[in-house]
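This is query24.cif. It holds mmCIF, C-alpha atoms.
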data_entry
loop_
_atom_site.label_atom_id
_atom_site.label_comp_id
_atom_site.auth_asym_id
_atom_site.auth_seq_id
_atom_site.Cartn_x
_atom_site.Cartn_y
_atom_site.Cartn_z
CA MET W 56 0.00 0.00 0.00
CA ILE W 57 2.79 2.37 0.88
CA ALA W 58 4.47 1.43 -2.40
CA LEU W 59 1.33 2.48 -4.29
CA LEU W 60 1.14 5.77 -2.37
CA ILE W 61 4.79 6.57 -3.04
CA ARG W 62 4.41 5.67 -6.70
CA ASP W 63 1.34 7.89 -7.12
CA LEU W 64 2.99 10.83 -5.36
CA ARG W 65 6.14 10.39 -7.44
CA LEU W 66 4.12 10.25 -10.65
CA ALA W 67 2.16 13.37 -9.70
CA LEU W 68 5.34 15.33 -9.08
CA ARG W 69 7.07 14.30 -12.33
CA ALA W 70 6.51 16.04 -15.64
CA GLY W 71 2.95 15.65 -16.93
CA GLY W 72 1.76 14.43 -13.54
CA GLY W 73 -0.80 17.18 -13.14
CA PHE W 74 0.33 18.26 -9.67
CA GLY W 75 -0.02 21.96 -10.41
CA LEU W 76 -3.24 21.67 -12.41
CA GLY W 77 -5.73 22.07 -9.56
CA LEU W 78 -3.65 24.69 -7.84
CA ALA W 79 -3.30 26.78 -11.01
CA PHE W 80 -7.04 26.55 -11.67
CA PHE W 81 -7.79 27.64 -8.08
CA LEU W 82 -5.45 30.60 -8.48
CA ILE W 83 -7.04 31.61 -11.80
CA VAL W 84 -10.61 31.44 -10.48
CA THR W 85 -9.93 33.43 -7.36
CA THR W 86 -7.91 36.12 -9.15
CA LEU W 87 -10.57 36.54 -11.82
CA VAL W 88 -13.49 36.91 -9.41
CA PRO W 89 -12.61 40.51 -8.34
CA PHE W 90 -12.42 41.46 -12.03
CA SER W 91 -15.84 40.03 -12.78
CA VAL W 92 -17.84 41.15 -9.73
CA GLY W 93 -16.09 44.49 -9.22
CA PRO W 94 -13.58 45.63 -6.61
CA GLU W 95 -15.85 46.73 -3.72
CA PRO W 96 -14.15 45.40 -0.56
CA ALA W 97 -17.41 44.82 1.29
CA LEU W 98 -18.90 42.71 -1.51
CA LEU W 99 -15.71 40.68 -1.90
CA ALA W 100 -15.49 40.10 1.84
CA SER W 101 -19.02 38.72 1.90
CA ILE W 102 -18.58 36.34 -1.04
CA ALA W 103 -14.97 35.31 -0.30
CA PRO W 104 -15.66 32.10 1.68
CA GLY W 105 -18.12 30.84 -0.92
CA VAL W 106 -15.87 31.68 -3.86
CA LEU W 107 -12.85 30.03 -2.24
CA TRP W 108 -14.83 26.89 -1.49
CA LEU W 109 -16.31 26.74 -4.96
CA GLY W 110 -12.88 27.29 -6.53
CA ALA W 111 -11.37 24.52 -4.44
CA LEU W 112 -14.20 22.16 -5.36
CA LEU W 113 -13.91 22.82 -9.09
CA ALA W 114 -10.12 22.54 -8.94
CA CYS W 115 -10.56 19.16 -7.28
CA LEU W 116 -13.10 18.09 -9.91
CA LEU W 117 -10.76 19.11 -12.71
CA SER W 118 -8.10 16.61 -11.67
CA LEU W 119 -10.43 13.64 -11.16
CA ASP W 120 -10.45 12.20 -14.67
CA ARG W 121 -6.73 11.43 -14.40
CA LEU W 122 -7.20 9.60 -11.12
CA LEU W 123 -7.90 6.12 -12.48
CA ALA W 124 -8.09 6.62 -16.26
CA LEU W 125 -4.30 6.67 -16.69
CA ASP W 126 -3.91 3.45 -14.72
CA PHE W 127 -6.70 1.90 -16.74
CA GLU W 128 -5.12 2.81 -20.08
CA ASP W 129 -1.72 1.31 -19.35
CA GLY W 130 -3.14 -1.86 -17.78
CA THR W 131 -2.03 -1.11 -14.22
CA LEU W 132 -5.58 -1.52 -12.88
CA ASP W 133 -5.89 -5.03 -14.33
CA LEU W 134 -2.62 -5.99 -12.71
CA LEU W 135 -3.54 -4.38 -9.39
CA LEU W 136 -6.79 -6.31 -9.39
CA THR W 137 -4.88 -9.59 -9.69
CA ALA W 138 -2.34 -8.53 -7.02
CA PRO W 139 -2.75 -9.65 -3.40
CA LEU W 140 -3.56 -6.05 -2.40
CA PRO W 141 -7.32 -5.66 -1.71
CA LEU W 142 -8.89 -3.35 -4.27
CA GLU W 143 -10.64 -1.41 -1.49
CA ALA W 144 -7.22 -0.57 -0.05
CA ALA W 145 -5.86 0.32 -3.47
CA VAL W 146 -8.65 2.83 -4.20
CA SER W 147 -8.31 4.29 -0.69
CA VAL W 148 -4.61 4.80 -1.25
CA LYS W 149 -5.27 6.38 -4.63
CA ALA W 150 -7.80 8.74 -3.01
CA LEU W 151 -5.25 9.60 -0.33
CA ALA W 152 -2.60 10.29 -2.97
CA HIS W 153 -5.12 12.50 -4.83
CA TRP W 154 -5.82 14.43 -1.65
CA LEU W 155 -2.13 14.89 -0.88
CA THR W 156 -1.40 16.20 -4.37
CA THR W 157 -4.59 18.19 -4.97
CA GLY W 158 -6.60 18.77 -1.78
CA LEU W 159 -3.75 19.59 0.58
CA PRO W 160 -2.14 22.20 -1.73
CA LEU W 161 -5.57 23.84 -2.09
CA VAL W 162 -5.96 23.98 1.70
CA LEU W 163 -2.54 25.56 2.03
CA ALA W 164 -3.07 28.03 -0.82
CA ALA W 165 -6.55 29.14 0.29
CA PRO W 166 -5.46 31.67 2.97
CA VAL W 167 -3.06 33.31 0.53
CA LEU W 168 -5.81 33.64 -2.05
CA GLY W 169 -8.17 34.83 0.69
CA VAL W 170 -6.13 38.04 0.78
CA LEU W 171 -7.05 38.69 -2.85
CA LEU W 172 -10.74 38.46 -1.94
CA ASN W 173 -10.50 40.62 1.19
CA LEU W 174 -11.51 37.73 3.46
CA PRO W 175 -12.14 39.05 7.01
CA VAL W 176 -9.28 38.27 9.39
CA ALA W 177 -11.46 36.08 11.60
CA GLY W 178 -12.23 33.85 8.62
CA TYR W 179 -8.73 32.59 7.75
CA GLY W 180 -8.51 29.97 10.47
CA TRP W 181 -11.99 28.59 9.84
CA LEU W 182 -11.49 28.60 6.08
CA VAL W 183 -8.41 26.41 6.44
CA VAL W 184 -10.12 24.16 8.98
CA SER W 185 -13.24 23.72 6.85
CA LEU W 186 -11.21 23.00 3.69
CA ALA W 187 -8.93 20.59 5.56
CA LEU W 188 -12.01 18.76 6.84
CA GLY W 189 -13.94 18.84 3.58
CA THR W 190 -11.42 18.19 0.81
CA PRO W 191 -10.75 14.55 1.83
CA ALA W 192 -14.45 13.89 1.14
CA LEU W 193 -14.04 15.49 -2.29
CA SER W 194 -11.14 13.14 -3.10
CA VAL W 195 -12.92 10.02 -1.84
CA ILE W 196 -16.19 10.80 -3.65
CA GLY W 197 -14.18 11.75 -6.72
CA THR W 198 -12.44 8.39 -6.68
CA PHE W 199 -15.86 6.74 -6.72
CA GLY W 200 -16.85 8.84 -9.74
CA ALA W 201 -13.57 8.01 -11.48
CA ALA W 202 -14.16 4.31 -10.79
CA LEU W 203 -17.66 4.53 -12.28
CA THR W 204 -16.42 6.06 -15.51
CA VAL W 205 -13.13 4.17 -15.78
CA GLY W 206 -13.84 2.24 -18.97
CA ILE W 207 -15.31 5.18 -20.83
CA LYS W 208 -13.20 7.09 -23.31
CA ARG W 209 -13.37 10.84 -22.66
CA GLY W 210 -15.53 10.17 -19.61
CA GLY W 211 -14.74 13.57 -18.08
CA LEU W 212 -18.16 15.10 -18.74
CA LEU W 213 -20.03 12.09 -17.38
CA LEU W 214 -17.72 12.05 -14.38
CA SER W 215 -18.47 15.70 -13.59
CA LEU W 216 -22.22 15.17 -13.93
CA LEU W 217 -22.13 12.13 -11.66
CA VAL W 218 -19.89 13.62 -9.02
CA LEU W 219 -21.27 17.18 -8.72
CA PRO W 220 -24.52 16.20 -6.94
CA LEU W 221 -22.50 14.12 -4.50
CA TYR W 222 -20.28 17.15 -3.83
CA VAL W 223 -23.20 19.43 -2.94
CA PRO W 224 -23.53 18.50 0.79
CA THR W 225 -19.79 18.97 1.31
CA LEU W 226 -19.94 22.35 -0.45
CA ILE W 227 -22.97 23.53 1.54
CA PHE W 228 -21.57 22.71 4.95
CA GLY W 229 -17.98 23.61 4.08
CA ALA W 230 -18.84 27.04 2.68
CA GLU W 231 -21.28 27.63 5.53
CA ALA W 232 -18.59 26.88 8.11
CA ALA W 233 -16.16 29.22 6.34
CA ARG W 234 -18.84 31.94 6.02
CA ARG W 235 -19.83 31.75 9.68
CA GLY W 236 -16.17 31.80 10.62
CA ALA W 237 -15.64 34.96 8.60
CA ALA W 238 -18.75 36.55 10.12
CA GLY W 239 -17.59 35.65 13.61
CA THR W 240 -20.58 33.47 14.52
CA ASP W 241 -20.72 29.92 15.86
CA VAL W 242 -19.29 27.42 13.36
CA SER W 243 -19.74 24.18 15.27
CA THR W 244 -22.91 22.91 13.53
CA PRO W 245 -21.73 23.09 9.89
CA LEU W 246 -18.26 21.98 10.92
CA LEU W 247 -19.62 18.89 12.69
CA MET W 248 -21.84 18.08 9.70
CA LEU W 249 -18.85 18.49 7.39
CA ALA W 250 -16.71 16.22 9.55
CA GLY W 251 -19.52 13.67 9.61
CA ILE W 252 -19.85 13.69 5.82
CA THR W 253 -16.10 13.27 5.41
CA LEU W 254 -15.85 10.40 7.88
CA ALA W 255 -18.88 8.64 6.41
CA THR W 256 -17.55 8.90 2.85
CA ILE W 257 -14.09 7.72 3.89
CA ALA W 258 -15.71 4.73 5.61
CA CYS W 259 -18.15 3.73 2.86
CA MET W 260 -16.91 5.00 -0.49
CA PRO W 261 -13.87 2.71 -0.92
CA PHE W 262 -16.17 -0.32 -0.93
CA ALA W 263 -18.46 1.27 -3.52
CA SER W 264 -15.47 2.35 -5.62
CA ALA W 265 -13.92 -1.12 -5.56
CA ALA W 266 -17.24 -2.75 -6.44
CA VAL W 267 -17.87 -0.55 -9.49
CA LEU W 268 -14.24 -0.84 -10.52
CA ARG W 269 -14.50 -4.66 -10.56
CA MET W 270 -17.54 -4.35 -12.81
CA GLY W 271 -15.93 -1.74 -15.01
CA LEU W 272 -12.86 -3.89 -15.65
CA ARG W 273 -14.75 -6.98 -16.80
CA MET L 87 -0.71 -25.56 -6.53
CA THR L 88 -2.80 -27.32 -9.16
CA LEU L 89 -5.01 -25.05 -11.21
CA SER L 90 -8.11 -26.67 -12.57
CA ALA L 91 -11.18 -25.49 -14.43
CA GLN L 92 -14.38 -27.48 -14.90
CA ASN L 93 -17.06 -26.92 -17.50
CA LEU L 94 -16.28 -23.24 -17.96
CA THR L 95 -18.66 -21.17 -20.03
CA LEU L 96 -17.34 -17.70 -20.69
CA ALA L 97 -18.88 -14.61 -22.21
CA ARG L 98 -17.36 -11.53 -23.73
CA GLY L 99 -19.57 -8.45 -23.99
CA GLY L 100 -22.59 -10.53 -22.95
CA ILE L 101 -22.13 -13.05 -25.76
CA PRO L 102 -20.92 -16.55 -24.85
CA VAL L 103 -17.69 -17.40 -26.66
CA VAL L 104 -16.45 -20.55 -24.92
CA ALA L 105 -18.63 -23.38 -23.59
CA ASP L 106 -17.88 -26.41 -21.38
CA LEU L 107 -14.12 -26.04 -21.32
CA SER L 108 -12.22 -28.09 -18.73
CA PHE L 109 -8.50 -28.42 -18.07
CA THR L 110 -6.02 -29.12 -15.31
CA LEU L 111 -2.62 -27.53 -14.91
CA GLU L 112 -0.21 -29.37 -12.60
CA PRO L 113 2.82 -27.70 -10.98
CA GLY L 114 5.85 -27.85 -13.25
CA HIS L 115 3.77 -27.94 -16.40
CA ALA L 116 2.89 -25.43 -19.06
CA LEU L 117 -0.29 -25.26 -21.07
CA ILE L 118 -0.42 -23.36 -24.34
CA LEU L 119 -3.76 -22.13 -25.65
CA ARG L 120 -4.30 -22.12 -29.36
CA GLY L 121 -7.20 -20.91 -31.41
CA PRO L 122 -8.05 -18.35 -34.05
CA ASN L 123 -8.65 -14.67 -33.24
CA GLY L 124 -11.86 -14.25 -31.32
CA ALA L 125 -11.89 -17.84 -30.07
CA GLY L 126 -11.91 -16.60 -26.47
CA LYS L 127 -8.26 -17.03 -25.42
CA THR L 128 -8.05 -13.62 -23.76
CA THR L 129 -11.48 -14.06 -22.18
CA LEU L 130 -10.36 -17.40 -20.74
CA LEU L 131 -7.12 -15.95 -19.37
CA ARG L 132 -8.88 -12.93 -17.86
CA THR L 133 -11.41 -15.22 -16.20
CA ILE L 134 -8.69 -17.46 -14.77
CA ALA L 135 -6.91 -14.36 -13.48
CA GLY L 136 -10.11 -13.31 -11.70
CA LEU L 137 -10.77 -10.19 -13.75
CA GLN L 138 -14.21 -11.34 -14.82
CA PRO L 139 -16.61 -14.02 -13.62
CA ALA L 140 -17.40 -17.17 -15.59
CA LEU L 141 -21.01 -17.64 -16.66
CA ARG L 142 -20.87 -21.26 -15.53
CA GLY L 143 -18.27 -23.63 -14.23
CA GLN L 144 -15.65 -23.65 -11.52
CA ILE L 145 -12.04 -22.59 -11.21
CA THR L 146 -10.03 -23.97 -8.29
CA GLY L 147 -6.55 -23.23 -7.05
CA ALA L 148 -6.38 -19.74 -8.53
CA ALA L 149 -6.84 -17.43 -5.53
CA ASP L 150 -3.78 -15.24 -4.89
CA GLN L 151 -1.55 -17.65 -6.80
CA ILE L 152 -1.64 -15.95 -10.17
CA ALA L 153 0.61 -13.46 -11.87
CA TYR L 154 -1.25 -12.14 -14.89
CA ALA L 155 0.31 -10.42 -17.88
CA GLY L 156 -2.10 -9.11 -20.48
CA HIS L 157 -1.73 -7.04 -23.62
CA ALA L 158 -0.81 -3.96 -21.60
CA ASP L 159 2.27 -4.04 -19.41
CA GLY L 160 1.13 -1.67 -16.67
CA LEU L 161 4.23 0.48 -16.96
CA LYS L 162 4.44 4.14 -16.05
CA ALA L 163 6.24 6.17 -18.68
CA MET L 164 7.56 8.69 -16.16
CA LEU L 165 9.09 6.12 -13.83
CA SER L 166 12.44 4.45 -14.48
CA VAL L 167 12.74 0.75 -15.27
CA ARG L 168 14.01 0.12 -11.75
CA GLU L 169 11.17 2.12 -10.14
CA ASN L 170 8.52 0.34 -12.18
CA LEU L 171 9.85 -3.06 -11.22
CA ALA L 172 10.44 -2.15 -7.57
CA PHE L 173 6.84 -0.94 -7.32
CA TRP L 174 5.42 -4.28 -8.49
CA ALA L 175 7.85 -6.20 -6.29
CA GLN L 176 6.60 -4.24 -3.26
CA VAL L 177 2.95 -4.75 -4.19
CA PHE L 178 3.60 -8.49 -4.09
CA GLY L 179 5.61 -8.19 -0.89
CA HIS L 180 9.14 -8.59 -2.22
CA SER L 181 12.05 -6.24 -2.58
CA ASP L 182 14.73 -7.97 -4.68
CA ILE L 183 14.53 -7.03 -8.36
CA SER L 184 18.07 -7.81 -9.55
CA ALA L 185 17.23 -11.38 -10.60
CA ALA L 186 14.40 -10.06 -12.74
CA LEU L 187 16.66 -7.42 -14.29
CA ASP L 188 19.25 -10.15 -15.01
CA ALA L 189 16.77 -12.52 -16.64
CA TYR L 190 15.76 -10.02 -19.29
CA ALA L 191 19.11 -8.17 -19.60
CA LEU L 192 17.58 -4.97 -18.28
CA HIS L 193 20.53 -3.83 -16.17
CA PRO L 194 21.85 -1.40 -18.81
CA LEU L 195 18.37 0.13 -19.03
CA ALA L 196 17.64 0.20 -15.30
CA ASP L 197 17.79 3.97 -14.90
CA ARG L 198 16.07 4.91 -18.15
CA LEU L 199 12.49 6.16 -18.01
CA ALA L 200 10.10 3.43 -19.16
CA GLY L 201 8.53 5.90 -21.58
CA THR L 202 11.78 6.09 -23.56
CA LEU L 203 12.08 2.33 -24.12
CA SER L 204 11.30 0.61 -27.40
CA ALA L 205 8.22 -1.62 -27.67
CA GLY L 206 10.28 -4.79 -27.25
CA GLN L 207 12.17 -3.37 -24.28
CA LYS L 208 8.88 -2.40 -22.64
CA ARG L 209 7.63 -5.92 -23.18
CA ARG L 210 10.77 -7.34 -21.57
CA LEU L 211 10.18 -5.08 -18.58
CA GLY L 212 6.54 -6.18 -18.47
CA LEU L 213 7.56 -9.84 -18.49
CA SER L 214 10.27 -9.31 -15.86
CA ARG L 215 7.45 -8.18 -13.56
CA LEU L 216 6.34 -11.83 -13.42
CA LEU L 217 9.62 -12.77 -11.77
CA VAL L 218 9.21 -10.27 -8.92
CA THR L 219 5.67 -11.41 -8.07
CA GLY L 220 6.77 -14.76 -6.70
CA CYS L 221 3.44 -16.25 -7.79
CA PRO L 222 3.48 -19.95 -8.80
CA ILE L 223 0.99 -19.70 -11.68
CA TRP L 224 1.72 -17.45 -14.65
CA VAL L 225 -1.21 -16.50 -16.85
CA LEU L 226 0.15 -14.89 -20.00
CA ASP L 227 -1.68 -13.38 -22.92
CA GLU L 228 0.48 -13.22 -26.07
CA PRO L 229 3.69 -12.72 -24.07
CA THR L 230 6.01 -12.65 -27.08
CA VAL L 231 4.41 -9.78 -28.98
CA SER L 232 7.08 -7.34 -30.26
CA LEU L 233 9.96 -9.42 -28.84
CA ASP L 234 12.98 -10.18 -31.05
CA THR L 235 14.49 -13.69 -31.19
CA ASP L 236 17.00 -13.01 -28.41
CA ALA L 237 14.27 -11.72 -26.13
CA VAL L 238 12.04 -14.71 -26.97
CA ALA L 239 14.94 -16.94 -25.91
CA MET L 240 15.21 -14.99 -22.64
CA PHE L 241 11.50 -15.46 -22.11
CA ALA L 242 11.68 -19.21 -22.90
CA ALA L 243 14.56 -19.54 -20.42
CA ALA L 244 12.57 -17.70 -17.78
CA VAL L 245 9.57 -19.98 -18.33
CA LYS L 246 11.75 -23.10 -18.15
CA HIS L 247 13.34 -21.88 -14.94
CA HIS L 248 9.90 -21.13 -13.51
CA LEU L 249 8.61 -24.61 -14.41
CA ALA L 250 11.73 -26.26 -13.00
CA GLN L 251 11.04 -24.55 -9.69
CA GLY L 252 7.58 -26.10 -9.54
CA GLY L 253 5.70 -23.19 -11.04
CA SER L 254 3.24 -23.51 -13.88
CA ALA L 255 2.27 -21.38 -16.84
CA LEU L 256 -0.90 -20.96 -18.86
CA MET L 257 -0.32 -18.93 -21.99
CA ALA L 258 -1.85 -17.95 -25.27
CA THR L 259 0.84 -17.76 -27.91
CA HIS L 260 1.22 -18.54 -31.59
CA ILE L 261 4.95 -19.12 -31.72
CA ASP L 262 6.97 -22.16 -30.70
CA LEU L 263 8.94 -21.36 -27.56
CA GLY L 264 10.86 -24.61 -27.36
CA VAL L 265 9.35 -25.18 -23.93
CA GLU L 266 7.84 -28.60 -23.29
CA ALA L 267 4.15 -27.89 -23.01
CA GLU L 268 0.74 -29.36 -23.61
CA VAL L 269 -1.33 -27.62 -26.21
CA LEU L 270 -5.01 -26.93 -25.72
CA ASP L 271 -6.87 -25.88 -28.84
CA ILE L 272 -10.02 -24.11 -27.70
CA THR L 273 -11.64 -23.94 -31.14
CA PRO L 274 -13.87 -27.02 -30.51
CA TYR L 275 -15.27 -25.38 -27.37
CA ARG L 276 -16.71 -22.44 -29.26
CA ALA L 277 -20.10 -21.58 -27.79
CA LYS L 278 -23.14 -22.10 -29.98
CA THR L 279 -24.57 -18.74 -30.90
CA THR L 280 -28.03 -19.82 -29.72
CA LEU L 281 -26.76 -20.15 -26.16
CA ARG L 282 -28.01 -17.10 -24.33
CA ALA L 283 -25.91 -15.46 -21.64
CA GLY L 284 -28.89 -15.16 -19.30
CA ALA L 285 -27.29 -12.28 -17.44
CA SER L 286 -29.58 -9.60 -16.06
CA ASP L 287 -27.69 -6.84 -17.85
CA GLU L 288 -28.09 -8.56 -21.19
CA ALA L 289 -30.69 -6.10 -22.42
CA PHE L 290 -28.27 -3.22 -22.03
CA LEU L 291 -25.41 -4.69 -24.00
#

Starting from the file, give its structure as structure tokens.
Amino acid sequence: MIALLIRDLRLALRAGGGFGLGLAFFLIVTTLVPFSVGPEPALLASIAPGVLWLGALLACLLSLDRLLALDFEDGTLDLLLTAPLPLEAAVSVKALAHWLTTGLPLVLAAPVLGVLLNLPVAGYGWLVVSLALGTPALSVIGTFGAALTVGIKRGGLLLSLLVLPLYVPTLIFGAEAARRGAAGTDVSTPLLMLAGITLATIACMPFASAAVLRMGLR
Amino acid sequence: MTLSAQNLTLARGGIPVVADLSFTLEPGHALILRGPNGAGKTTLLRTIAGLQPALRGQITGAADQIAYAGHADGLKAMLSVRENLAFWAQVFGHSDISAALDAYALHPLADRLAGTLSAGQKRRLGLSRLLVTGCPIWVLDEPTVSLDTDAVAMFAAAVKHHLAQGGSALMATHIDLGVEAEVLDITPYRAKTTLRAGASDEAFL
């Protein structure tokens, strides 16, 4: 399992690995928002948590179609399926590698980009906490979507359509936690809901992903 | 470990291709599958490897004993030969890859990126993966594609060594390897087209 994690991280960091893709997209979205909605500080401050969360979610979505498709094309998935490693563990490790190369950089970049959107000072901590809690769910659900569409050529559109509804609860509670944090009100309810969603998806989704992957590889 | 299959009926894309096929593969033996294109050789090998279920019939002795090598080698272009091989060795719980590098003369290429190898060199790397798995049963689908005569000799030597150690090999190949092996022609087991798959997803295929 550790070998798979190290291999995925190494591949992501090498040329063509797509490590910077999500991060660059996140940067582009958040820098363009002030141009499109206008530079009023008050308006930006009020929409900042939502924009940052939405940007992070879309950046995560953008990198999903590489998650399993590349391994499917070169036959690695077939070989992994016949290896003694349980497929549930393999998809969990792949989701973890996706989070480490996509989700974690977004979490770390979010406060820097928050400056561009005039995020209130009180909001930085809660923004990072809510993203750190929520992005693992995005990776795990995304792995399920990637597993569903693994045999389909150019399955990116289908993948987005399938995964977006599943992302909605995470987005609602994550953005709400960040918004309440920025406004200085109590964040515990959305934060607990967000943590619950993340833990539940981490617990259940690998089994669903492995099951659909077995069917997809037939 | 003896691998045996009884009365296998196999489908590809919902259509049965092979019916009532049985065979036994003892340790130390090799079995070569023959048959025209579309006869179901790949389907049979994928089923034995556990990648798809059989419509009917039983396979025994296969669980966690099989190293499968299909048409694709499962190599990552951006990893070096050594890294690719070490990854598969670790997945199967081993760490020593030098014997595998020796068997296919890959030492001079060990630090090249797999993406820069020729087709035959990639295939040699893909076949060397079998040696690091430590699995007793090799299931190989057209292993000699794009290999030159020297590399085919390396492969034949590797198979002989594997058989001598009590391993076994089931392979679909059209060339003569010079390895003592039984030949199973699966053409007579072709499924009658009237045989329906009976699967619930049939209507959607």

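Considering the residues W:Leu246, W:Leu272, W:Ala165, W:Ala145 and counting all atoms listed in the file, chain L has its shortest atom-to-atom contact with W:Leu272.
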
Check your understanding: What's the 7 Å shell around segment 61-78 of chain W, counting all atoms listed in the file, without same-chain residues fewer than 2 positions away, as number ranges by chain?
Key -> W: 57-59, 80-82, 114-115, 117-118, 152, 156-157, 160-161; L: 164

One decimal place gives the atom CA of Ala233 of chain W-atom CA of Pro245 of chain W separation as 9.0 Å

At most 6 Å to chain W: residues in chain L, all atoms listed in the file, as a list in words:
Leu137, Gln138, Asp150, Ala158, Gly160 and Phe173 of chain L

One decimal place gives the atom CA of Val267 of chain W-atom CA of Leu203 of chain W separation as 5.8 Å

Among L:Leu119, L:Cys221, L:Leu130, L:Ile145, Gln92 of chain L is approached most closely, using all atoms listed in the file, by L:Ile145

Taking (-15.2, 38.3, -0.4) in the file's coordinates as the center, which residues reach within 6 Å of it, counting only C-alpha atoms, put as a PyMOL selection string?
chain W and resi 98-103+172-174

Shell around segment 177-192 of chain W at 9 Å using all atoms listed in the file, local window under 6 positions removed, as a PyMOL selection string: chain W and resi 104+107-108+111-112+115+150-151+153-154+157-159+161-163+165-166+169+222+225-226+228-230+232-239+242+246+249-250+252-257

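Minimum atom-to-atom distance to Val231 of chain L, evaluated using only C-alpha atoms, belongs to L:His157 out of L:His157, L:Lys278, L:His248, L:His193.
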
Run the PyMOL selection byres ((chain L and resi 208) around 12) mentally over the shown coordinates, then write out the matched residues as a short mmCIF file (atom, residue, chain, number, x, y, z; two decimals) with C-alpha atoms, in the frame of the given file, using the chain letters and numbers from the document.
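Output below, filename part_4.cif:
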data_model
loop_
_atom_site.label_atom_id
_atom_site.label_comp_id
_atom_site.auth_asym_id
_atom_site.auth_seq_id
_atom_site.Cartn_x
_atom_site.Cartn_y
_atom_site.Cartn_z
CA ASP W 129 -1.72 1.31 -19.35
CA HIS L 157 -1.73 -7.04 -23.62
CA ALA L 158 -0.81 -3.96 -21.60
CA ASP L 159 2.27 -4.04 -19.41
CA GLY L 160 1.13 -1.67 -16.67
CA LEU L 161 4.23 0.48 -16.96
CA LYS L 162 4.44 4.14 -16.05
CA ALA L 163 6.24 6.17 -18.68
CA SER L 166 12.44 4.45 -14.48
CA VAL L 167 12.74 0.75 -15.27
CA ASN L 170 8.52 0.34 -12.18
CA LEU L 171 9.85 -3.06 -11.22
CA TYR L 190 15.76 -10.02 -19.29
CA LEU L 192 17.58 -4.97 -18.28
CA LEU L 195 18.37 0.13 -19.03
CA ALA L 196 17.64 0.20 -15.30
CA ARG L 198 16.07 4.91 -18.15
CA LEU L 199 12.49 6.16 -18.01
CA ALA L 200 10.10 3.43 -19.16
CA GLY L 201 8.53 5.90 -21.58
CA THR L 202 11.78 6.09 -23.56
CA LEU L 203 12.08 2.33 -24.12
CA SER L 204 11.30 0.61 -27.40
CA ALA L 205 8.22 -1.62 -27.67
CA GLY L 206 10.28 -4.79 -27.25
CA GLN L 207 12.17 -3.37 -24.28
CA ARG L 209 7.63 -5.92 -23.18
CA ARG L 210 10.77 -7.34 -21.57
CA LEU L 211 10.18 -5.08 -18.58
CA GLY L 212 6.54 -6.18 -18.47
CA LEU L 213 7.56 -9.84 -18.49
CA SER L 214 10.27 -9.31 -15.86
CA ARG L 215 7.45 -8.18 -13.56
CA PRO L 229 3.69 -12.72 -24.07
CA THR L 230 6.01 -12.65 -27.08
CA VAL L 231 4.41 -9.78 -28.98
CA SER L 232 7.08 -7.34 -30.26
CA LEU L 233 9.96 -9.42 -28.84
CA ALA L 237 14.27 -11.72 -26.13
#

Computed gap from atom CA of Ile261 of chain L to atom CA of Leu187 of chain L is 24.0 Å

Box for segment 150-156 of chain W: with edges along x, y and z, all listed atoms inside and 6 Å added on each side, what are the centre and edge lengths in Å to one decimal, as lines of an AutoDock Vina configuration file?
center_x = -4.6
center_y = 12.5
center_z = -2.6
size_x = 18.4
size_y = 19.5
size_z = 16.5

The residue from L:Leu165, L:Ser184, L:Ala175, L:Leu131 with the smallest atom-to-atom distance to Ile118 of chain L, counting only C-alpha atoms, is L:Leu131

Nearest to Leu96 of chain L, restricted to only C-alpha atoms and choosing among L:Gln251, L:Thr128, L:Thr259, L:Gln176, comes out as L:Thr128

Neighbour list for Leu89 of chain L as a VMD selection string, cut-off 9 Å, all atoms listed in the file, skip fewer than 6 positions in-chain = chain L and resid 109 to 113 145 to 148 223 254

Picked residues, the PyMOL selection byres ((chain L and resi 114) around 12), as a tab-separated table (two decimals) with C-alpha atoms, keeping the file's coordinate frame:
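For reference, result19.tsv as written:
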chain	number	residue	atom	x	y	z
L	87	MET	CA	-0.71	-25.56	-6.53
L	88	THR	CA	-2.80	-27.32	-9.16
L	89	LEU	CA	-5.01	-25.05	-11.21
L	111	LEU	CA	-2.62	-27.53	-14.91
L	112	GLU	CA	-0.21	-29.37	-12.60
L	113	PRO	CA	2.82	-27.70	-10.98
L	115	HIS	CA	3.77	-27.94	-16.40
L	116	ALA	CA	2.89	-25.43	-19.06
L	117	LEU	CA	-0.29	-25.26	-21.07
L	222	PRO	CA	3.48	-19.95	-8.80
L	223	ILE	CA	0.99	-19.70	-11.68
L	224	TRP	CA	1.72	-17.45	-14.65
L	245	VAL	CA	9.57	-19.98	-18.33
L	246	LYS	CA	11.75	-23.10	-18.15
L	247	HIS	CA	13.34	-21.88	-14.94
L	248	HIS	CA	9.90	-21.13	-13.51
L	249	LEU	CA	8.61	-24.61	-14.41
L	250	ALA	CA	11.73	-26.26	-13.00
L	251	GLN	CA	11.04	-24.55	-9.69
L	252	GLY	CA	7.58	-26.10	-9.54
L	253	GLY	CA	5.70	-23.19	-11.04
L	254	SER	CA	3.24	-23.51	-13.88
L	255	ALA	CA	2.27	-21.38	-16.84
L	256	LEU	CA	-0.90	-20.96	-18.86
L	265	VAL	CA	9.35	-25.18	-23.93
L	266	GLU	CA	7.84	-28.60	-23.29
L	267	ALA	CA	4.15	-27.89	-23.01
L	268	GLU	CA	0.74	-29.36	-23.61

task: List, as a ChimeraX atom specification, every residue that the PyMOL selection byres ((chain L and resi 122) around 12) selects in the file provided.
output: /L:119-121,123-128,258-260,271-274,276
